[in-house]
file model_7.cif (mmCIF, C-alpha atoms and all ligand atoms)
data_coords
#
loop_
_atom_site.label_atom_id
_atom_site.label_comp_id
_atom_site.auth_asym_id
_atom_site.auth_seq_id
_atom_site.Cartn_x
_atom_site.Cartn_y
_atom_site.Cartn_z
CA MET V 1 -136.65 -28.69 -22.94
CA ALA V 2 -135.36 -25.17 -23.40
CA LYS V 3 -136.11 -22.15 -25.53
CA ILE V 4 -133.04 -20.94 -27.39
CA ILE V 5 -132.52 -17.75 -29.36
CA LEU V 6 -129.86 -18.71 -31.89
CA VAL V 7 -128.18 -15.62 -33.33
CA ARG V 8 -126.13 -15.59 -36.49
CA GLY V 9 -124.70 -13.08 -38.92
CA MET V 10 -123.21 -10.72 -36.35
CA HIS V 11 -119.91 -10.87 -38.25
CA PRO V 12 -120.74 -11.43 -41.93
CA ASN V 13 -117.17 -12.50 -42.74
CA GLU V 14 -117.69 -15.61 -40.57
CA LYS V 15 -119.15 -17.84 -43.24
CA SER V 16 -118.74 -21.22 -41.58
CA ALA V 17 -120.73 -19.96 -38.56
CA LYS V 18 -123.52 -18.99 -40.97
CA PHE V 19 -123.29 -22.39 -42.62
CA PHE V 20 -123.57 -24.26 -39.32
CA THR V 21 -126.27 -22.26 -37.54
CA PRO V 22 -129.30 -23.78 -39.34
CA LYS V 23 -127.79 -27.27 -38.89
CA ILE V 24 -127.32 -26.65 -35.16
CA ALA V 25 -130.91 -25.37 -34.97
CA ALA V 26 -132.24 -28.52 -36.66
CA LYS V 27 -130.33 -30.79 -34.26
CA LEU V 28 -131.49 -28.81 -31.22
CA ARG V 29 -135.08 -29.23 -32.39
CA GLU V 30 -134.48 -32.97 -32.75
CA LEU V 31 -133.35 -32.92 -29.12
CA GLY V 32 -136.71 -31.38 -28.20
CA HIS V 33 -135.74 -27.73 -27.83
CA GLU V 34 -137.52 -24.70 -29.22
CA VAL V 35 -135.23 -22.59 -31.41
CA ILE V 36 -135.87 -18.98 -32.35
CA PRO V 37 -133.47 -18.04 -35.18
CA ALA V 38 -132.30 -14.44 -35.25
CA ASP V 39 -130.33 -12.83 -38.05
CA ILE V 40 -128.48 -9.62 -37.30
CA PRO V 41 -128.52 -7.22 -40.26
CA ILE V 42 -125.00 -6.73 -41.50
CA GLU V 43 -125.14 -2.93 -41.59
CA ASP V 44 -125.19 -3.00 -37.79
CA THR V 45 -121.93 -4.86 -37.40
CA ILE V 46 -118.24 -4.22 -37.61
CA GLN V 47 -117.39 -5.42 -41.09
CA PRO V 48 -119.21 -2.75 -43.11
CA ALA V 49 -117.61 -0.11 -40.88
CA LEU V 50 -114.20 -1.65 -41.56
CA LYS V 51 -114.76 -1.59 -45.29
CA ARG V 52 -115.43 2.14 -45.00
CA ALA V 53 -112.33 2.70 -42.87
CA THR V 54 -109.62 4.81 -44.48
CA VAL V 55 -106.11 5.85 -43.58
CA GLU V 56 -107.58 9.28 -42.69
CA LYS V 57 -110.14 7.67 -40.39
CA PRO V 58 -108.77 4.25 -39.42
CA GLN V 59 -110.34 3.88 -36.01
CA VAL V 60 -113.20 1.42 -36.02
CA ASP V 61 -115.10 0.25 -32.99
CA GLU V 62 -117.93 -2.19 -33.00
CA THR V 63 -121.02 -0.04 -32.40
CA PHE V 64 -123.15 -2.61 -30.56
CA ALA V 65 -126.15 -0.95 -32.23
CA PHE V 66 -127.55 -4.45 -32.66
CA ALA V 67 -127.72 -4.79 -28.85
CA ALA V 68 -131.18 -3.19 -28.95
CA GLN V 69 -132.41 -6.03 -31.17
CA LEU V 70 -130.96 -8.67 -28.89
CA LEU V 71 -132.53 -7.05 -25.82
CA LYS V 72 -135.90 -6.83 -27.59
CA LEU V 73 -135.75 -10.55 -28.40
CA LEU V 74 -135.01 -11.36 -24.78
CA GLU V 75 -137.87 -9.15 -23.64
CA GLU V 76 -140.21 -11.07 -25.96
CA HIS V 77 -138.80 -14.39 -24.69
CA PRO V 78 -137.64 -13.77 -21.11
CA ASP V 79 -137.26 -17.49 -20.49
CA ALA V 80 -134.96 -18.04 -23.48
CA ILE V 81 -131.24 -18.70 -23.54
CA MET V 82 -129.40 -16.51 -26.04
CA ILE V 83 -126.57 -18.11 -27.99
CA ASP V 84 -124.69 -16.46 -30.83
CA VAL V 85 -122.55 -18.33 -33.30
CA HIS V 86 -119.17 -17.10 -34.55
CA ASN V 87 -115.96 -18.20 -36.23
CA THR V 88 -112.47 -18.06 -34.89
CA GLN V 89 -109.13 -18.61 -36.56
CA TYR V 90 -108.20 -22.29 -36.73
CA LEU V 91 -104.75 -22.88 -35.29
CA PRO V 92 -103.54 -26.42 -35.95
CA ASP V 93 -102.35 -28.16 -32.82
CA ARG V 94 -99.63 -30.74 -32.51
CA SER V 95 -101.58 -33.21 -30.43
CA GLY V 96 -101.13 -35.99 -32.98
CA PRO V 97 -103.76 -37.92 -34.89
CA ASP V 98 -107.27 -36.55 -35.30
CA ARG V 99 -109.53 -37.20 -32.37
CA PRO V 100 -113.24 -36.42 -32.20
CA VAL V 101 -114.01 -32.74 -31.63
CA ARG V 102 -115.87 -31.59 -28.54
CA LEU V 103 -117.44 -28.35 -27.35
CA LYS V 104 -115.35 -26.78 -24.60
CA LEU V 105 -115.93 -23.95 -22.15
CA HIS V 106 -113.27 -21.30 -22.72
CA ASP V 107 -112.44 -18.50 -20.32
CA PRO V 108 -110.32 -15.83 -22.08
CA SER V 109 -109.68 -14.09 -18.73
CA LYS V 110 -107.52 -17.09 -17.79
CA ILE V 111 -105.22 -16.58 -20.80
CA LYS V 112 -101.72 -15.64 -19.77
CA HIS V 113 -99.99 -12.54 -21.06
CA ASN V 114 -98.50 -13.08 -24.53
CA GLU V 115 -100.57 -16.21 -25.07
CA SER V 116 -102.97 -16.44 -28.00
CA PRO V 117 -106.58 -15.93 -26.87
CA VAL V 118 -107.54 -18.67 -29.34
CA PRO V 119 -107.03 -22.26 -28.23
CA PRO V 120 -105.37 -24.40 -30.92
CA GLY V 121 -107.17 -27.37 -32.44
CA LYS V 122 -110.48 -28.26 -34.05
CA ASP V 123 -112.63 -28.04 -30.94
CA PRO V 124 -115.40 -25.47 -31.04
CA TYR V 125 -115.68 -23.58 -27.77
CA TYR V 126 -118.16 -21.41 -25.94
CA MET V 127 -117.84 -18.45 -23.64
CA VAL V 128 -120.21 -16.92 -21.13
CA ASN V 129 -120.33 -13.42 -22.47
CA LYS V 130 -121.27 -9.89 -21.54
CA PRO V 131 -118.77 -7.77 -23.50
CA ASN V 132 -120.63 -4.51 -23.08
CA GLU V 133 -123.12 -2.86 -20.68
CA ASP V 134 -125.66 -2.66 -23.51
CA LEU V 135 -125.51 -6.34 -24.29
CA PRO V 136 -127.44 -9.02 -22.43
CA MET V 137 -125.69 -11.99 -20.86
CA HIS V 138 -125.42 -14.61 -23.55
CA TYR V 139 -123.29 -17.50 -24.78
CA THR V 140 -120.93 -17.14 -27.70
CA ILE V 141 -119.91 -20.23 -29.64
CA GLU V 142 -116.72 -20.00 -31.67
CA ILE V 143 -116.19 -22.51 -34.48
CA PRO V 144 -112.63 -22.84 -35.84
CA ALA V 145 -112.34 -21.92 -39.52
CA LYS V 146 -109.66 -21.14 -42.05
CA TYR V 147 -109.07 -17.56 -43.10
CA PRO V 148 -107.14 -17.74 -46.38
CA HIS V 149 -104.51 -15.07 -46.84
CA ASP V 150 -105.75 -12.30 -49.10
CA PRO V 151 -102.93 -9.92 -50.12
CA ALA V 152 -105.35 -7.01 -50.68
CA VAL V 153 -106.87 -7.45 -47.21
CA HIS V 154 -103.41 -7.81 -45.71
CA GLN V 155 -102.31 -4.59 -47.39
CA LYS V 156 -105.32 -2.66 -46.10
CA THR V 157 -104.79 -4.05 -42.60
CA ILE V 158 -101.16 -2.88 -42.61
CA GLU V 159 -102.12 0.57 -43.88
CA LEU V 160 -104.82 0.98 -41.24
CA LEU V 161 -102.51 -0.28 -38.49
CA ASP V 162 -99.84 2.20 -39.60
CA ALA V 163 -102.41 4.97 -39.65
CA LEU V 164 -103.50 4.08 -36.11
CA GLY V 165 -99.93 4.73 -34.95
CA GLU V 166 -98.31 3.26 -31.88
CA PRO V 167 -101.14 3.96 -29.38
CA GLY V 168 -103.64 2.44 -31.82
CA LYS V 169 -101.52 -0.64 -32.36
CA ARG V 170 -101.22 -1.14 -28.63
CA ASN V 171 -104.98 -0.78 -28.25
CA TRP V 172 -106.11 -4.37 -28.45
CA LYS V 173 -109.62 -3.41 -29.53
CA HIS V 174 -108.45 -1.38 -32.53
CA ALA V 175 -105.77 -3.79 -33.67
CA ASN V 176 -107.97 -6.84 -33.12
CA SER V 177 -110.98 -5.37 -34.92
CA LEU V 178 -108.94 -5.20 -38.11
CA GLY V 179 -108.99 -8.99 -38.12
CA TYR V 180 -112.63 -8.78 -39.18
CA LEU V 181 -111.48 -7.69 -42.63
CA ASP V 182 -110.46 -11.29 -43.30
CA ARG V 183 -113.12 -13.61 -44.62
CA VAL V 184 -113.52 -17.26 -43.80
CA GLY V 185 -112.78 -19.45 -46.82
CA LEU V 186 -115.35 -22.24 -46.96
CA ARG V 187 -113.26 -24.36 -49.33
CA GLN V 188 -110.15 -24.11 -47.16
CA THR V 189 -112.23 -24.70 -44.03
CA GLN V 190 -113.67 -27.85 -45.55
CA ALA V 191 -110.22 -29.05 -46.61
CA ALA V 192 -109.05 -28.62 -43.00
CA GLY V 193 -111.85 -30.96 -41.88
CA LEU V 194 -113.80 -28.23 -40.08
CA LEU V 195 -117.06 -28.28 -42.00
CA GLY V 196 -118.34 -31.79 -41.39
CA GLU V 197 -121.52 -33.20 -39.95
CA GLU V 198 -119.71 -34.00 -36.71
CA MET V 199 -119.16 -30.31 -35.96
CA ALA V 200 -122.88 -29.42 -35.95
CA GLU V 201 -123.67 -32.57 -33.95
CA VAL V 202 -121.01 -31.83 -31.33
CA ILE V 203 -122.13 -28.22 -30.91
CA ALA V 204 -125.83 -29.12 -30.57
CA ARG V 205 -124.98 -31.90 -28.08
CA GLY V 206 -122.71 -29.51 -26.20
CA ILE V 207 -125.49 -26.92 -25.91
CA HIS V 208 -127.85 -29.68 -24.73
CA GLU V 209 -125.47 -31.22 -22.19
CA GLN V 210 -123.33 -28.32 -21.00
CA ILE V 211 -124.93 -24.93 -21.61
CA ILE V 212 -128.61 -25.64 -20.90
CA PRO V 213 -128.20 -27.57 -17.60
CA ASN V 214 -125.83 -24.93 -16.21
CA HIS V 215 -127.74 -21.90 -17.44
CA LYS V 216 -130.02 -21.43 -14.41
CA ALA V 217 -127.08 -21.60 -12.05
CA ARG V 218 -125.32 -18.80 -13.95
CA LYS V 219 -128.22 -16.36 -14.13
ZN ZN Y 301 -117.63 -13.14 -34.71
#
call {"tool": "encode", "arguments": {"input": "model_7.cif", "output": "structure tokens"}}
result
Amino acid sequence: MAKIILVRGMHPNEKSAKFFTPKIAAKLRELGHEVIPADIPIEDTIQPALKRATVEKPQVDETFAFAAQLLKLLEEHPDAIMIDVHNTQYLPDRSGPDRPVRLKLHDPSKIKHNESPVPPGKDPYYMVNKPNEDLPMHYTIEIPAKYPHDPAVHQKTIELLDALGEPGKRNWKHANSLGYLDRVGLRQTQAAGLLGEEMAEVIARGIHEQIIPNHKARK
């Protein structure tokens, strides 16, 4: 039995992650684990900053102001495992007929140059994460979702990218952060078969069988 701090809402555009988090929590409780849900207020995250971004001031970095909240939670529950739930762009794969999804460990540092950092397919994946000095070691789960094309968002992204200029475009952090302007479309995500009961089940089972048993060894 483990104590898990389950964080959601870090990126408010990631609506399927929000949808799944309470379902994952319920299944983890069924498996005998204690779950402490944590919602990160949206004003602390990247999307509101992006909405305020203008051509005059296009540079947006995630502030990590919410790190203080995460650290406080871990201080209150030093024995807990922190897991935050996110969405990633679904890239269809060509592996043939649908097979059951499974939670996979993904190591972005192993991605080759010019390769997409997002693995194709319907499998959710998790990463062992410490993206910033201020942030505690935690696990990030990424659930594939559809981001429908929104011409207005596309236009703003292009304008901001242009305003960043060449150095800004080459800066992965700046260019990549603009992706947070896109919102997950729940309808499209459902139509792609990414919003079913199986997804929550697979993620909860994956946490139970892969993350929890290996957590002590990683600390
Ligand atoms: Zn996210």
call {"tool": "closest_atom_pairs", "arguments": {"input": "model_7.cif", "of": "chain V", "to": "ligand ZN 301 (chain Y)", "cutoff": "12 Å", "atoms": "all atoms listed in the file", "output": "Markdown table"}}
result
| residue | atom | partner | partner_atom | distance |
| --- | --- | --- | --- | --- |
| V:Val7 | CA | Y:ZN301 | ZN | 10.9 |
| V:Arg8 | CA | Y:ZN301 | ZN | 9.0 |
| V:Gly9 | CA | Y:ZN301 | ZN | 8.2 |
| V:Met10 | CA | Y:ZN301 | ZN | 6.3 |
| V:His11 | CA | Y:ZN301 | ZN | 4.8 |
| V:Pro12 | CA | Y:ZN301 | ZN | 8.0 |
| V:Asn13 | CA | Y:ZN301 | ZN | 8.1 |
| V:Glu14 | CA | Y:ZN301 | ZN | 6.4 |
| V:Lys15 | CA | Y:ZN301 | ZN | 9.9 |
| V:Ser16 | CA | Y:ZN301 | ZN | 10.7 |
| V:Ala17 | CA | Y:ZN301 | ZN | 8.4 |
| V:Lys18 | CA | Y:ZN301 | ZN | 10.4 |
| V:Ile40 | CA | Y:ZN301 | ZN | 11.7 |
| V:Ile42 | CA | Y:ZN301 | ZN | 11.9 |
| V:Thr45 | CA | Y:ZN301 | ZN | 9.7 |
| V:Ile46 | CA | Y:ZN301 | ZN | 9.4 |
| V:Gln47 | CA | Y:ZN301 | ZN | 10.0 |
| V:Glu62 | CA | Y:ZN301 | ZN | 11.1 |
| V:Asp84 | CA | Y:ZN301 | ZN | 8.7 |
| V:Val85 | CA | Y:ZN301 | ZN | 7.3 |
| V:His86 | CA | Y:ZN301 | ZN | 4.3 |
| V:Asn87 | CA | Y:ZN301 | ZN | 5.5 |
| V:Thr88 | CA | Y:ZN301 | ZN | 7.1 |
| V:Gln89 | CA | Y:ZN301 | ZN | 10.3 |
| V:Thr140 | CA | Y:ZN301 | ZN | 8.7 |
| V:Ile141 | CA | Y:ZN301 | ZN | 9.0 |
| V:Glu142 | CA | Y:ZN301 | ZN | 7.6 |
| V:Ile143 | CA | Y:ZN301 | ZN | 9.5 |
| V:Pro144 | CA | Y:ZN301 | ZN | 11.0 |
| V:Ala145 | CA | Y:ZN301 | ZN | 11.3 |
| V:Asn176 | CA | Y:ZN301 | ZN | 11.6 |
| V:Ser177 | CA | Y:ZN301 | ZN | 10.2 |
| V:Gly179 | CA | Y:ZN301 | ZN | 10.2 |
| V:Tyr180 | CA | Y:ZN301 | ZN | 8.0 |
| V:Leu181 | CA | Y:ZN301 | ZN | 11.4 |
| V:Asp182 | CA | Y:ZN301 | ZN | 11.3 |
| V:Arg183 | CA | Y:ZN301 | ZN | 10.9 |
| V:Val184 | CA | Y:ZN301 | ZN | 10.8 |
call {"tool": "atom_distance", "arguments": {"input": "model_7.cif", "atom1": "CA of Pro119 (chain V)", "atom2": "CA of Asn214 (chain V)"}}
result
22.5 Å
call {"tool": "residues_near_point", "arguments": {"input": "model_7.cif", "point": "(-107.7, -28.3, -32.4)", "cutoff": "8 Å", "atoms": "all atoms listed in the file", "output": "PDB file with C-alpha atoms, in the coordinates of the input"}}
result
ATOM      1  CA  TYR V  90    -108.200 -22.290 -36.730  1.00  0.00           C
ATOM      2  CA  LEU V  91    -104.750 -22.880 -35.290  1.00  0.00           C
ATOM      3  CA  PRO V  92    -103.540 -26.420 -35.950  1.00  0.00           C
ATOM      4  CA  ASP V  93    -102.350 -28.160 -32.820  1.00  0.00           C
ATOM      5  CA  VAL V 101    -114.010 -32.740 -31.630  1.00  0.00           C
ATOM      6  CA  PRO V 119    -107.030 -22.260 -28.230  1.00  0.00           C
ATOM      7  CA  PRO V 120    -105.370 -24.400 -30.920  1.00  0.00           C
ATOM      8  CA  GLY V 121    -107.170 -27.370 -32.440  1.00  0.00           C
ATOM      9  CA  LYS V 122    -110.480 -28.260 -34.050  1.00  0.00           C
ATOM     10  CA  ASP V 123    -112.630 -28.040 -30.940  1.00  0.00           C
TER      11      ASP V 123
END
call {"tool": "atom_distance", "arguments": {"input": "model_7.cif", "atom1": "CA of Leu195 (chain V)", "atom2": "CA of Lys23 (chain V)"}}
result
11.2 Å
call {"tool": "residues_near_point", "arguments": {"input": "model_7.cif", "point": "(-128.6, -11.1, -29.3)", "cutoff": "8 Å", "atoms": "all atoms listed in the file", "output": "ChimeraX atom specification"}}
result
/V:5,7,38,66-67,69-71,73-74,82-84,135-136,138
call {"tool": "atom_distance", "arguments": {"input": "model_7.cif", "atom1": "CA of Ile212 (chain V)", "atom2": "CA of Lys130 (chain V)"}}
result
17.4 Å
call {"tool": "closest_residue", "arguments": {"input": "model_7.cif", "among": "V:Ala200, V:Ala65, V:Asp98, V:Lys72", "to": "Pro41 (chain V)", "atoms": "all atoms listed in the file"}}
result
V:Ala65
call {"tool": "closest_residue", "arguments": {"input": "model_7.cif", "among": "V:Leu31, V:Ile81, V:Ile24, V:Ile36", "to": "His208 (chain V)", "atoms": "only C-alpha atoms"}}
result
V:Leu31
call {"tool": "closest_residue", "arguments": {"input": "model_7.cif", "among": "V:Ala192, V:Leu50, V:Leu28, V:Val202", "to": "Tyr125 (chain V)", "atoms": "all atoms listed in the file"}}
result
V:Val202
